[in-house]
$ cat query.cif   # mmCIF, C-alpha atoms
data_my_file
loop_
_atom_site.label_atom_id
_atom_site.label_comp_id
_atom_site.auth_asym_id
_atom_site.auth_seq_id
_atom_site.Cartn_x
_atom_site.Cartn_y
_atom_site.Cartn_z
CA MET V 1 174.51 -60.81 94.19
CA LEU V 2 173.92 -59.79 90.62
CA SER V 3 171.91 -56.77 89.64
CA ALA V 4 171.10 -55.05 86.37
CA HIS V 5 170.03 -51.45 86.19
CA HIS V 6 167.98 -49.95 83.36
CA LEU V 7 169.47 -52.12 80.62
CA ARG V 8 168.73 -51.31 77.01
CA CYS V 9 169.91 -53.54 74.19
CA SER V 10 169.24 -53.44 70.49
CA ARG V 11 170.08 -55.49 67.45
CA GLY V 12 170.41 -53.26 64.41
CA ASP V 13 167.49 -50.80 64.51
CA ARG V 14 165.31 -52.95 66.72
CA THR V 15 165.27 -52.41 70.45
CA LEU V 16 165.13 -55.82 72.12
CA PHE V 17 164.44 -54.53 75.59
CA ALA V 18 164.70 -51.21 77.39
CA ASP V 19 164.75 -50.08 81.00
CA LEU V 20 165.15 -53.66 82.21
CA SER V 21 166.19 -53.94 85.84
CA LEU V 22 166.57 -57.07 87.88
CA SER V 23 168.42 -58.36 90.86
CA LEU V 24 169.22 -61.85 92.00
CA ALA V 25 170.18 -62.81 95.55
CA PRO V 26 172.32 -65.82 96.54
CA GLY V 27 170.38 -69.09 96.42
CA ARG V 28 167.89 -67.77 93.89
CA TRP V 29 167.50 -68.52 90.21
CA LEU V 30 166.06 -66.55 87.35
CA GLN V 31 164.31 -67.89 84.31
CA VAL V 32 164.42 -65.69 81.25
CA GLY V 33 161.36 -66.32 79.12
CA GLY V 34 160.19 -65.07 75.77
CA LEU V 35 159.60 -66.19 72.21
CA ASN V 36 162.37 -67.03 69.75
CA GLY V 37 164.16 -63.85 68.82
CA ALA V 38 162.91 -61.92 71.84
CA GLY V 39 166.46 -61.31 73.03
CA LYS V 40 166.96 -63.96 75.71
CA THR V 41 170.47 -64.84 74.57
CA THR V 42 171.34 -61.16 74.17
CA LEU V 43 170.22 -60.52 77.74
CA LEU V 44 172.34 -63.40 79.04
CA ARG V 45 175.36 -62.23 77.06
CA THR V 46 174.85 -58.71 78.39
CA LEU V 47 174.67 -59.99 81.96
CA VAL V 48 178.01 -61.79 81.65
CA GLY V 49 179.66 -58.87 79.86
CA LEU V 50 180.04 -60.27 76.33
CA ASN V 51 177.69 -57.67 74.82
CA PRO V 52 177.99 -54.21 76.30
CA PRO V 53 174.46 -52.77 76.79
CA ASP V 54 173.48 -49.60 74.89
CA ASP V 55 172.45 -48.10 78.19
CA GLY V 56 172.45 -49.10 81.85
CA GLU V 57 174.86 -51.36 83.69
CA VAL V 58 175.27 -54.74 85.30
CA ARG V 59 176.71 -54.95 88.80
CA TRP V 60 178.25 -57.84 90.70
CA ASN V 61 178.03 -57.34 94.49
CA GLY V 62 177.46 -53.65 93.83
CA THR V 63 180.48 -53.14 91.53
CA PRO V 64 179.96 -52.64 87.80
CA ILE V 65 181.19 -55.84 86.11
CA ARG V 66 183.69 -53.95 83.96
CA GLU V 67 185.43 -52.74 87.10
CA ALA V 68 185.01 -56.05 88.93
CA GLY V 69 186.92 -57.59 85.99
CA GLU V 70 188.75 -60.72 87.02
CA ASP V 71 186.76 -61.20 90.26
CA PHE V 72 183.54 -61.33 88.27
CA ARG V 73 184.96 -63.56 85.55
CA ARG V 74 186.18 -66.00 88.19
CA ALA V 75 182.74 -66.07 89.84
CA CYS V 76 180.79 -66.48 86.62
CA LEU V 77 180.38 -69.48 84.36
CA TYR V 78 178.56 -68.92 81.08
CA LEU V 79 177.56 -71.85 78.89
CA GLY V 80 176.07 -70.61 75.65
CA HIS V 81 174.38 -72.03 72.58
CA HIS V 82 177.70 -73.01 71.10
CA ALA V 83 179.12 -76.17 72.47
CA ALA V 84 182.70 -74.78 72.76
CA VAL V 85 183.65 -78.42 72.30
CA LYS V 86 186.22 -79.49 69.73
CA ASP V 87 185.26 -82.45 67.57
CA GLU V 88 188.89 -83.51 67.15
CA LEU V 89 189.50 -83.87 70.87
CA THR V 90 188.08 -86.49 73.21
CA PRO V 91 185.57 -85.40 75.91
CA PHE V 92 188.37 -85.91 78.41
CA GLU V 93 190.71 -83.56 76.54
CA ASN V 94 187.93 -81.05 75.96
CA LEU V 95 187.23 -80.88 79.67
CA ARG V 96 190.91 -80.53 80.56
CA GLN V 97 191.47 -77.82 77.93
CA ALA V 98 188.42 -75.87 79.09
CA SER V 99 189.69 -76.05 82.68
CA ALA V 100 193.15 -74.91 81.58
CA ILE V 101 191.63 -71.87 79.86
CA ASP V 102 189.60 -71.15 83.00
CA GLY V 103 192.72 -71.42 85.12
CA VAL V 104 191.29 -74.29 87.18
CA ALA V 105 193.61 -77.13 88.17
CA LEU V 106 192.07 -80.44 87.13
CA ASP V 107 193.76 -83.83 87.35
CA ASP V 108 192.89 -86.92 85.32
CA ALA V 109 190.91 -88.52 88.15
CA GLN V 110 188.72 -85.45 88.65
CA ALA V 111 188.07 -85.14 84.91
CA GLY V 112 187.18 -88.82 84.64
CA ASP V 113 184.91 -88.60 87.65
CA ALA V 114 183.08 -85.56 86.24
CA LEU V 115 182.50 -87.31 82.92
CA ARG V 116 181.17 -90.39 84.73
CA ARG V 117 178.77 -88.30 86.79
CA ILE V 118 177.44 -86.50 83.72
CA GLY V 119 176.73 -89.84 82.07
CA LEU V 120 179.65 -90.29 79.70
CA ARG V 121 181.07 -93.41 81.30
CA GLY V 122 183.30 -95.20 78.80
CA ARG V 123 183.02 -92.37 76.26
CA GLY V 124 185.81 -90.24 77.73
CA HIS V 125 188.45 -91.31 75.25
CA LEU V 126 186.43 -91.42 72.03
CA PRO V 127 186.74 -88.51 69.61
CA THR V 128 183.90 -86.11 70.36
CA ARG V 129 182.90 -86.14 66.69
CA VAL V 130 181.39 -89.64 67.05
CA LEU V 131 179.16 -88.60 69.97
CA SER V 132 175.49 -87.66 69.59
CA ALA V 133 174.23 -84.07 69.99
CA GLY V 134 173.01 -84.80 73.50
CA GLN V 135 176.32 -86.38 74.50
CA LYS V 136 178.24 -83.37 73.17
CA ARG V 137 176.00 -81.20 75.25
CA ARG V 138 176.89 -83.31 78.27
CA VAL V 139 180.60 -82.76 77.59
CA LEU V 140 179.93 -79.05 77.89
CA LEU V 141 177.78 -79.45 80.99
CA ALA V 142 180.51 -81.49 82.68
CA ARG V 143 182.22 -78.14 83.21
CA LEU V 144 179.55 -77.31 85.80
CA LEU V 145 181.08 -80.09 87.93
CA VAL V 146 184.71 -79.04 87.69
CA ARG V 147 184.67 -75.25 87.49
CA PRO V 148 183.91 -73.55 90.82
CA ALA V 149 181.66 -70.55 90.15
CA THR V 150 179.04 -68.69 92.14
CA LEU V 151 176.98 -67.52 89.18
CA TRP V 152 175.83 -69.96 86.52
CA VAL V 153 174.47 -68.41 83.35
CA LEU V 154 173.08 -71.18 81.16
CA ASP V 155 171.56 -70.70 77.73
CA GLU V 156 169.10 -73.54 77.04
CA PRO V 157 170.78 -76.01 79.39
CA PHE V 158 168.11 -78.65 78.74
CA ALA V 159 168.29 -78.56 74.94
CA ALA V 160 169.08 -81.91 73.30
CA LEU V 161 169.16 -83.72 76.65
CA ASP V 162 167.17 -86.86 77.45
CA THR V 163 164.86 -87.03 80.48
CA ASP V 164 167.51 -88.57 82.75
CA ALA V 165 169.95 -85.81 81.90
CA VAL V 166 167.31 -83.12 82.42
CA GLU V 167 166.67 -84.56 85.87
CA LEU V 168 170.40 -84.65 86.59
CA MET V 169 170.76 -81.04 85.49
CA GLY V 170 167.87 -80.10 87.79
CA GLU V 171 169.64 -81.80 90.70
CA LEU V 172 172.92 -80.06 89.90
CA ILE V 173 171.33 -76.64 89.70
CA GLY V 174 169.32 -77.35 92.87
CA ALA V 175 172.49 -78.32 94.76
CA HIS V 176 174.24 -75.24 93.44
CA LEU V 177 171.43 -73.00 94.69
CA ALA V 178 171.38 -74.76 98.07
CA GLN V 179 175.04 -73.83 98.49
CA GLY V 180 174.19 -70.16 97.98
CA GLY V 181 174.89 -70.07 94.26
CA LEU V 182 173.00 -68.06 91.70
CA ALA V 183 171.66 -69.33 88.39
CA ILE V 184 170.18 -67.64 85.35
CA LEU V 185 168.80 -69.76 82.57
CA THR V 186 166.67 -69.69 79.49
CA SER V 187 164.54 -72.68 78.74
CA HIS V 188 161.48 -73.46 76.68
CA GLN V 189 160.58 -76.44 78.78
CA PRO V 190 159.57 -76.29 82.47
CA ALA V 191 162.72 -76.53 84.56
CA PRO V 192 162.70 -79.26 87.25
CA LEU V 193 163.55 -76.69 89.91
CA PRO V 194 161.88 -75.01 92.90
CA ALA V 195 160.09 -71.75 92.13
CA GLY V 196 162.42 -69.00 91.05
CA GLU V 197 162.14 -65.53 89.64
CA THR V 198 161.17 -64.89 86.06
CA VAL V 199 161.73 -62.22 83.51
CA SER V 200 159.69 -62.25 80.34
CA LEU V 201 160.87 -60.50 77.24
CA ALA V 202 158.26 -59.29 74.78
CA ALA V 203 159.00 -60.05 71.15
CA MET D 1 203.25 -66.55 81.04
CA ASN D 2 201.51 -69.72 82.08
CA THR D 3 198.41 -68.39 80.34
CA LEU D 4 200.30 -68.03 77.08
CA PHE D 5 201.46 -71.65 77.25
CA VAL D 6 197.93 -72.91 77.96
CA ALA D 7 196.69 -71.46 74.66
CA LEU D 8 199.88 -72.49 72.85
CA LYS D 9 199.67 -76.11 74.00
CA ARG D 10 195.98 -76.26 73.15
CA ASP D 11 196.53 -75.10 69.59
CA LEU D 12 199.46 -77.46 69.09
CA LEU D 13 197.31 -80.36 70.31
CA LEU D 14 194.54 -79.36 67.88
CA ALA D 15 197.05 -79.02 65.03
CA ALA D 16 198.34 -82.52 65.78
CA ARG D 17 194.77 -83.77 65.14
CA ARG D 18 194.44 -81.95 61.82
CA ARG D 19 197.93 -82.23 60.42
CA SER D 20 196.85 -81.77 56.82
CA GLU D 21 196.21 -78.05 57.35
CA VAL D 22 199.76 -77.46 58.52
CA VAL D 23 201.31 -79.60 55.82
CA THR D 24 199.30 -77.83 53.08
CA ALA D 25 200.87 -74.44 53.84
CA LEU D 26 204.37 -75.93 53.88
CA PHE D 27 203.81 -77.82 50.66
CA PHE D 28 202.49 -74.64 49.07
CA PHE D 29 205.70 -72.83 50.07
CA VAL D 30 207.90 -75.56 48.59
CA VAL D 31 205.93 -75.75 45.34
CA VAL D 32 205.73 -71.99 44.73
CA VAL D 33 209.44 -71.52 45.37
CA SER D 34 210.32 -74.45 43.11
CA LEU D 35 208.16 -73.17 40.23
CA PHE D 36 210.37 -70.12 39.69
CA PRO D 37 213.60 -71.90 38.65
CA LEU D 38 211.50 -74.16 36.41
CA GLY D 39 209.71 -71.23 34.79
CA ILE D 40 212.62 -68.84 34.43
CA GLY D 41 215.25 -71.33 33.35
CA PRO D 42 218.59 -72.43 34.76
CA GLU D 43 220.54 -69.21 34.63
CA PRO D 44 222.59 -69.07 37.86
CA ALA D 45 223.20 -65.31 37.95
CA MET D 46 219.53 -64.49 37.36
CA LEU D 47 218.28 -67.05 39.90
CA ARG D 48 220.69 -65.76 42.49
CA ARG D 49 219.34 -62.23 42.02
CA ILE D 50 215.68 -63.13 42.33
CA GLY D 51 216.10 -65.91 44.94
CA PRO D 52 215.71 -63.91 48.17
CA GLY D 53 212.69 -62.04 46.84
CA VAL D 54 210.98 -65.21 45.63
CA LEU D 55 211.55 -66.97 48.95
CA TRP D 56 210.18 -64.03 50.87
CA VAL D 57 207.10 -63.58 48.70
CA ALA D 58 206.38 -67.30 48.96
CA ALA D 59 206.77 -67.09 52.75
CA LEU D 60 204.27 -64.21 52.87
CA LEU D 61 201.73 -66.17 50.85
CA ALA D 62 202.24 -69.37 52.82
CA THR D 63 201.70 -67.49 56.08
CA LEU D 64 198.59 -65.91 54.63
CA LEU D 65 197.21 -69.33 53.74
CA GLY D 66 196.85 -70.43 57.37
CA LEU D 67 195.58 -67.11 58.73
CA PRO D 68 191.82 -67.37 58.06
CA ARG D 69 191.75 -70.51 60.21
CA LEU D 70 193.62 -68.90 63.09
CA PHE D 71 190.46 -67.82 64.93
CA ALA D 72 187.67 -69.16 62.69
CA SER D 73 186.95 -72.49 64.40
CA ASP D 74 187.32 -71.07 67.91
CA HIS D 75 184.91 -68.33 66.90
CA ALA D 76 182.39 -70.71 65.38
CA ASP D 77 182.24 -73.11 68.32
CA GLY D 78 182.20 -70.48 71.07
CA THR D 79 185.70 -71.12 72.46
CA LEU D 80 186.65 -67.47 71.91
CA GLU D 81 183.73 -66.41 74.12
CA GLN D 82 184.95 -68.73 76.84
CA MET D 83 188.45 -67.29 76.50
CA ALA D 84 187.09 -63.74 76.76
CA LEU D 85 185.15 -64.71 79.90
CA SER D 86 188.05 -66.59 81.46
CA PRO D 87 189.71 -65.12 84.55
CA ARG D 88 192.96 -65.37 82.61
CA PRO D 89 193.96 -62.29 80.59
CA PHE D 90 192.39 -62.61 77.13
CA ALA D 91 195.33 -60.85 75.44
CA LEU D 92 197.77 -63.50 76.69
CA LEU D 93 195.55 -66.35 75.48
CA VAL D 94 195.46 -64.63 72.08
CA ALA D 95 199.24 -64.18 72.17
CA GLY D 96 199.54 -67.91 72.81
CA LYS D 97 197.42 -68.67 69.75
CA ILE D 98 199.61 -66.38 67.62
CA ALA D 99 202.73 -68.08 68.97
CA ALA D 100 201.25 -71.44 67.98
CA HIS D 101 200.54 -70.11 64.49
CA TRP D 102 204.17 -69.06 64.13
CA LEU D 103 205.48 -72.40 65.41
CA LEU D 104 203.31 -74.24 62.87
CA CYS D 105 203.45 -71.88 59.88
CA GLY D 106 206.54 -69.70 60.38
CA LEU D 107 209.25 -71.80 61.95
CA PRO D 108 209.01 -74.63 59.38
CA LEU D 109 209.51 -72.01 56.62
CA VAL D 110 212.69 -70.80 58.34
CA LEU D 111 213.98 -74.37 58.49
CA LEU D 112 213.05 -75.20 54.90
CA ALA D 113 214.41 -71.96 53.42
CA PRO D 114 218.12 -72.93 53.19
CA LEU D 115 217.23 -76.12 51.35
CA LEU D 116 215.10 -74.22 48.85
CA GLY D 117 217.71 -71.45 48.65
CA LEU D 118 220.12 -73.96 47.13
CA GLN D 119 217.91 -74.02 44.04
CA PHE D 120 218.71 -70.34 43.58
CA ASN D 121 222.46 -70.79 43.81
CA LEU D 122 222.71 -68.87 47.10
CA ASP D 123 226.00 -69.41 48.96
CA ALA D 124 226.42 -70.37 52.62
CA GLY D 125 226.72 -66.78 53.87
CA GLU D 126 223.59 -65.72 52.03
CA LEU D 127 221.64 -68.74 53.27
CA GLN D 128 222.64 -67.90 56.81
CA VAL D 129 221.41 -64.32 56.47
CA LEU D 130 218.24 -65.58 54.77
CA MET D 131 217.48 -67.86 57.72
CA LEU D 132 218.20 -65.13 60.23
CA ALA D 133 216.03 -62.64 58.34
CA LEU D 134 213.18 -65.16 58.15
CA LEU D 135 213.60 -65.99 61.84
CA LEU D 136 213.08 -62.32 62.70
CA GLY D 137 210.54 -61.65 59.97
CA THR D 138 208.10 -64.57 60.05
CA PRO D 139 206.90 -63.81 63.63
CA VAL D 140 206.12 -60.28 62.39
CA LEU D 141 204.05 -61.84 59.59
CA SER D 142 202.09 -63.97 62.09
CA LEU D 143 201.55 -61.04 64.47
CA ILE D 144 200.36 -58.59 61.80
CA GLY D 145 198.32 -61.33 60.15
CA ALA D 146 196.53 -62.08 63.42
CA ILE D 147 195.19 -58.51 63.52
CA GLY D 148 193.80 -58.97 60.01
CA ALA D 149 192.37 -62.39 60.85
CA ALA D 150 190.59 -60.94 63.88
CA LEU D 151 189.22 -57.98 61.94
CA THR D 152 187.81 -60.16 59.15
CA LEU D 153 186.38 -62.80 61.50
CA GLY D 154 182.85 -63.75 60.56
CA VAL D 155 182.91 -61.66 57.38
CA ARG D 156 181.73 -63.47 54.27
CA GLY D 157 184.61 -63.86 51.82
CA GLY D 158 186.88 -62.93 54.70
CA GLY D 159 189.85 -64.77 53.19
CA THR D 160 190.19 -62.44 50.20
CA LEU D 161 189.58 -59.38 52.31
CA LEU D 162 192.21 -60.61 54.73
CA ALA D 163 194.78 -60.81 51.93
CA LEU D 164 193.94 -57.30 50.73
CA LEU D 165 194.17 -55.98 54.26
CA VAL D 166 197.32 -57.73 55.38
CA LEU D 167 199.57 -57.90 52.30
CA PRO D 168 200.24 -54.12 52.15
CA LEU D 169 201.19 -54.24 55.83
CA TYR D 170 203.71 -56.98 55.01
CA VAL D 171 205.62 -54.67 52.65
CA PRO D 172 208.20 -53.32 55.15
CA THR D 173 209.02 -56.83 56.34
CA LEU D 174 209.40 -57.99 52.74
CA ILE D 175 211.66 -55.07 51.75
CA PHE D 176 214.03 -55.43 54.68
CA GLY D 177 213.90 -59.22 54.70
CA ALA D 178 214.82 -59.63 51.04
CA GLY D 179 217.10 -56.58 51.30
CA ALA D 180 219.16 -58.25 54.03
CA VAL D 181 220.13 -61.11 51.72
CA GLU D 182 220.81 -58.77 48.79
CA ALA D 183 223.04 -56.57 50.94
CA GLN D 184 224.94 -59.68 51.99
CA SER D 185 225.50 -60.76 48.37
CA ALA D 186 226.62 -57.22 47.50
CA GLY D 187 229.23 -57.51 50.27
CA LEU D 188 227.71 -54.68 52.32
CA GLY D 189 226.82 -56.73 55.39
CA SER D 190 223.26 -57.25 56.51
CA SER D 191 223.28 -55.92 60.05
CA ALA D 192 221.32 -52.76 59.21
CA GLN D 193 218.41 -54.66 57.63
CA LEU D 194 218.44 -57.29 60.37
CA SER D 195 218.34 -54.58 63.04
CA ILE D 196 215.30 -53.02 61.38
CA LEU D 197 213.61 -56.44 61.20
CA GLY D 198 214.36 -56.85 64.92
CA ALA D 199 212.81 -53.46 65.63
CA LEU D 200 209.72 -54.38 63.58
CA LEU D 201 209.45 -57.60 65.58
CA ALA D 202 209.72 -55.75 68.90
CA LEU D 203 207.01 -53.32 67.82
CA ALA D 204 204.73 -56.10 66.58
CA VAL D 205 205.17 -58.21 69.74
CA PHE D 206 204.19 -55.21 71.79
CA PHE D 207 201.18 -53.96 69.84
CA ALA D 208 199.76 -56.81 67.76
CA PRO D 209 198.32 -59.05 70.52
CA TRP D 210 196.65 -56.03 72.04
CA ALA D 211 195.14 -54.89 68.72
CA THR D 212 194.09 -58.46 67.89
CA THR D 213 192.34 -58.80 71.25
CA ALA D 214 190.46 -55.55 70.72
CA ALA D 215 189.31 -56.73 67.27
CA LEU D 216 188.26 -60.13 68.67
CA ARG D 217 186.18 -58.49 71.39
CA ILE D 218 184.26 -56.64 68.68
CA ALA D 219 183.87 -59.84 66.64
CA ILE D 220 182.29 -61.84 69.49
CA GLU D 221 179.93 -59.07 70.54
#
$ encode --input "query.cif" --output "structure tokens"
Amino acid sequence: MLSAHHLRCSRGDRTLFADLSLSLAPGRWLQVGGLNGAGKTTLLRTLVGLNPPDDGEVRWNGTPIREAGEDFRRACLYLGHHAAVKDELTPFENLRQASAIDGVALDDAQAGDALRRIGLRGRGHLPTRVLSAGQKRRVLLARLLVRPATLWVLDEPFAALDTDAVELMGELIGAHLAQGGLAILTSHQPAPLPAGETVSLAA
Amino acid sequence: MNTLFVALKRDLLLAARRRSEVVTALFFFVVVVSLFPLGIGPEPAMLRRIGPGVLWVAALLATLLGLPRLFASDHADGTLEQMALSPRPFALLVAGKIAAHWLLCGLPLVLLAPLLGLQFNLDAGELQVLMLALLLGTPVLSLIGAIGAALTLGVRGGGTLLALLVLPLYVPTLIFGAGAVEAQSAGLGSSAQLSILGALLALAVFFAPWATTAALRIAIE
């Protein structure tokens, strides 16, 4: 269970949000809404511990995430705006390198299987630089299939994806929630998911 | 330790895909060192005196050349964020990246140095000390440079700032590195200078990855 208590974050002189509290139970998902520049990404980065909040704290199962340290980082998977995908490497290599950094054992068969499921059949050994924006995005999203994590924090997971991929993402997130996982996402389009909780940030 | 090798292998794989970047720094080292005998003229005694210093200064500059790229692409594409969020210790991943930088930018300089030293009329004993001094000194250059690269990450015109920040910190390594070879040619033995270089290396190995990690955490905030 993830909870945030009285968070305040600012960028420069501007306060993005203040006194923001939320909590998310297993099997539930949270949609962070708001206009461009309202601070959605900042909130997500604060929740995973990349940006320390000016005030307040984030807790994982009741422990502040700073103290939970490795336990929290193992339970949490954050996929941000940036693709974290290297153009020089093939999707296959990208997936294996990402798993190595995460400390997850991944053999060739598992990596190939994940890429097939995410819709990159036959593209696994091309350099990522020749893939389209949506396909690069899929390389990143393939990590959802190979990295075990309880909490998914996804920044615009549906951006640049075609309708089939959006549907697939919806199924993946739905299955994750059904297994007692938690998900937090920002999205400007309606997510193909059962009703969840929402937080709206004012610009 | 495994964590260190994960980051090391990753950076070596990436370097294999963009070989030109590695070769550029090496070529720069060779060209700069070779310009001195051409510019100063073939006077063996003079060349022998300036040789160690020239090789060391060129090694500093060649190391500096690759530094801005050490974290830049991983910062731009979000890989650094993923490393910071990984269950693996971030400092060890960073140490692995620094080790890869040394293997690609430092070790080749050590191996090329004796060949280039011949242009300066250095004898076998001096070349040996030169290699040893570079072997101890170039990792220090990579380690100190990584701190500077992390501090200037995302700053516009970061490359120039990096040079201004890092070059003064390279001074002790330069003095004792070039001094080792000079002491050897003067017949004094180089063990004192080499011991100091070893001590600098031990200090840098201990503190630099930690300081670099702290700077990177600020950069990705």
$ closest_atom_pairs --input "query.cif" --of "chain D" --to "chain V" --cutoff "10 Å" --atoms "all atoms listed in the file" --output "CSV"
residue,atom,partner,partner_atom,distance
D:Asn2,CA,V:Gly103,CA,9.5
D:Thr3,CA,V:Ile101,CA,7.6
D:Leu4,CA,V:Ile101,CA,9.9
D:Phe5,CA,V:Ala100,CA,9.9
D:Val6,CA,V:Ala100,CA,6.3
D:Ala7,CA,V:Ile101,CA,7.3
D:Lys9,CA,V:Gln97,CA,9.3
D:Arg10,CA,V:Gln97,CA,6.8
D:Leu13,CA,V:Leu89,CA,8.6
D:Leu14,CA,V:Glu88,CA,7.0
D:Ala15,CA,V:Glu88,CA,9.6
D:Ala16,CA,V:Glu88,CA,9.6
D:Arg17,CA,V:Glu88,CA,6.2
D:Arg18,CA,V:Glu88,CA,7.9
D:Ser73,CA,V:Lys86,CA,8.8
D:Asp74,CA,V:Ala84,CA,7.7
D:His75,CA,V:Ala84,CA,9.0
D:Ala76,CA,V:His82,CA,7.7
D:Asp77,CA,V:Ala84,CA,4.8
D:Gly78,CA,V:Ala84,CA,4.6
D:Thr79,CA,V:Ala84,CA,4.7
D:Leu80,CA,V:Ala84,CA,8.4
D:Glu81,CA,V:Leu50,CA,7.5
D:Gln82,CA,V:Ala84,CA,7.6
D:Met83,CA,V:Ile101,CA,6.5
D:Ala84,CA,V:Leu50,CA,7.9
D:Leu85,CA,V:Arg73,CA,5.8
D:Ser86,CA,V:Asp102,CA,5.1
D:Pro87,CA,V:Arg73,CA,5.1
D:Arg88,CA,V:Gly103,CA,6.6
D:Pro89,CA,V:Glu70,CA,8.4
D:Phe90,CA,V:Ile101,CA,9.7
D:Leu93,CA,V:Ile101,CA,8.1
D:Arg217,CA,V:Leu50,CA,8.1
D:Ile218,CA,V:Asn51,CA,9.1
D:Ile220,CA,V:Leu50,CA,7.4
D:Glu221,CA,V:Asn51,CA,5.0
$ resolve_selection --input "query.cif" --expression "the PyMOL selection byres ((chain D and resi 150-158) around 7)" --output "list in words"
Phe71, Ala72, Ala146, Ile147, Gly148, Ala149, Gly159, Thr160, Leu161, Leu162, Thr212, Ala215, Leu216 and Ala219 of chain D
$ residues_around --input "query.cif" --residues "stretch 118-131 of chain D" --least-positions-apart "4" --cutoff "7 Å" --atoms "all atoms listed in the file" --output "VMD selection string"
chain D and resid 44 47 to 48 51 110 113 to 114 135 180 to 181 184 to 185
$ residues_around --input "query.cif" --residues "V:Ala133" --least-positions-apart "4" --cutoff "12 Å" --atoms "only C-alpha atoms" --output "MDAnalysis selection string"
chainID V and resid 82:83 85 87 128:129 137:140 158:162
$ residues_around --input "query.cif" --residues "V:Ala38" --least-positions-apart "2" --cutoff "7 Å" --atoms "all atoms listed in the file" --output "compact mmCIF listing (two decimals) with C-alpha atoms, in the frame of the given file"
# COMPACT_ATOMS: atom_id res chain seq x y z
CA LEU V 16 165.13 -55.82 72.12
CA GLY V 34 160.19 -65.07 75.77
CA LEU V 35 159.60 -66.19 72.21
CA ASN V 36 162.37 -67.03 69.75
CA LYS V 40 166.96 -63.96 75.71
CA LEU V 201 160.87 -60.50 77.24
CA ALA V 202 158.26 -59.29 74.78
CA ALA V 203 159.00 -60.05 71.15
$ resolve_selection --input "query.cif" --expression "the PyMOL selection byres ((chain V and resi 179) around 12)" --output "list in words"
Pro26, Gly27, Arg28, Pro148, Ala149, Thr150, Leu151, Leu172, Ile173, Gly174, Ala175, His176, Leu177, Ala178, Gly180, Gly181, Leu182 and Ala183 of chain V
$ write_last_selection --input "query.cif" --atoms "C-alpha atoms" --output "tab-separated table (two decimals), keeping the file's coordinate frame"
chain	number	residue	atom	x	y	z
V	26	PRO	CA	172.32	-65.82	96.54
V	27	GLY	CA	170.38	-69.09	96.42
V	28	ARG	CA	167.89	-67.77	93.89
V	148	PRO	CA	183.91	-73.55	90.82
V	149	ALA	CA	181.66	-70.55	90.15
V	150	THR	CA	179.04	-68.69	92.14
V	151	LEU	CA	176.98	-67.52	89.18
V	172	LEU	CA	172.92	-80.06	89.90
V	173	ILE	CA	171.33	-76.64	89.70
V	174	GLY	CA	169.32	-77.35	92.87
V	175	ALA	CA	172.49	-78.32	94.76
V	176	HIS	CA	174.24	-75.24	93.44
V	177	LEU	CA	171.43	-73.00	94.69
V	178	ALA	CA	171.38	-74.76	98.07
V	180	GLY	CA	174.19	-70.16	97.98
V	181	GLY	CA	174.89	-70.07	94.26
V	182	LEU	CA	173.00	-68.06	91.70
V	183	ALA	CA	171.66	-69.33	88.39
$ resolve_selection --input "query.cif" --expression "the PyMOL selection byres ((chain V and resi 12-14) around 12)" --output "PyMOL selection string"
chain V and resi 8-11+15-18+37-39+54+203
$ write_last_selection --input "query.cif" --atoms "C-alpha atoms" --output "PDB file, in the coordinates of the input"
ATOM      1  CA  ARG V   8     168.730 -51.310  77.010  1.00  0.00           C
ATOM      2  CA  CYS V   9     169.910 -53.540  74.190  1.00  0.00           C
ATOM      3  CA  SER V  10     169.240 -53.440  70.490  1.00  0.00           C
ATOM      4  CA  ARG V  11     170.080 -55.490  67.450  1.00  0.00           C
ATOM      5  CA  THR V  15     165.270 -52.410  70.450  1.00  0.00           C
ATOM      6  CA  LEU V  16     165.130 -55.820  72.120  1.00  0.00           C
ATOM      7  CA  PHE V  17     164.440 -54.530  75.590  1.00  0.00           C
ATOM      8  CA  ALA V  18     164.700 -51.210  77.390  1.00  0.00           C
ATOM      9  CA  GLY V  37     164.160 -63.850  68.820  1.00  0.00           C
ATOM     10  CA  ALA V  38     162.910 -61.920  71.840  1.00  0.00           C
ATOM     11  CA  GLY V  39     166.460 -61.310  73.030  1.00  0.00           C
ATOM     12  CA  ASP V  54     173.480 -49.600  74.890  1.00  0.00           C
ATOM     13  CA  ALA V 203     159.000 -60.050  71.150  1.00  0.00           C
TER      14      ALA V 203
END
$ residues_around --input "query.cif" --residues "D:Ser191" --least-positions-apart "2" --cutoff "12 Å" --atoms "all atoms listed in the file" --output "short mmCIF file (atom, residue, chain, number, x, y, z; two decimals) with C-alpha atoms, keeping the file's coordinate frame"
data_model
loop_
_atom_site.label_atom_id
_atom_site.label_comp_id
_atom_site.auth_asym_id
_atom_site.auth_seq_id
_atom_site.Cartn_x
_atom_site.Cartn_y
_atom_site.Cartn_z
CA VAL D 129 221.41 -64.32 56.47
CA LEU D 132 218.20 -65.13 60.23
CA ALA D 133 216.03 -62.64 58.34
CA PHE D 176 214.03 -55.43 54.68
CA GLY D 177 213.90 -59.22 54.70
CA GLY D 179 217.10 -56.58 51.30
CA ALA D 180 219.16 -58.25 54.03
CA VAL D 181 220.13 -61.11 51.72
CA GLU D 182 220.81 -58.77 48.79
CA ALA D 183 223.04 -56.57 50.94
CA GLN D 184 224.94 -59.68 51.99
CA GLY D 187 229.23 -57.51 50.27
CA LEU D 188 227.71 -54.68 52.32
CA GLY D 189 226.82 -56.73 55.39
CA GLN D 193 218.41 -54.66 57.63
CA LEU D 194 218.44 -57.29 60.37
CA SER D 195 218.34 -54.58 63.04
CA ILE D 196 215.30 -53.02 61.38
CA LEU D 197 213.61 -56.44 61.20
CA GLY D 198 214.36 -56.85 64.92
#
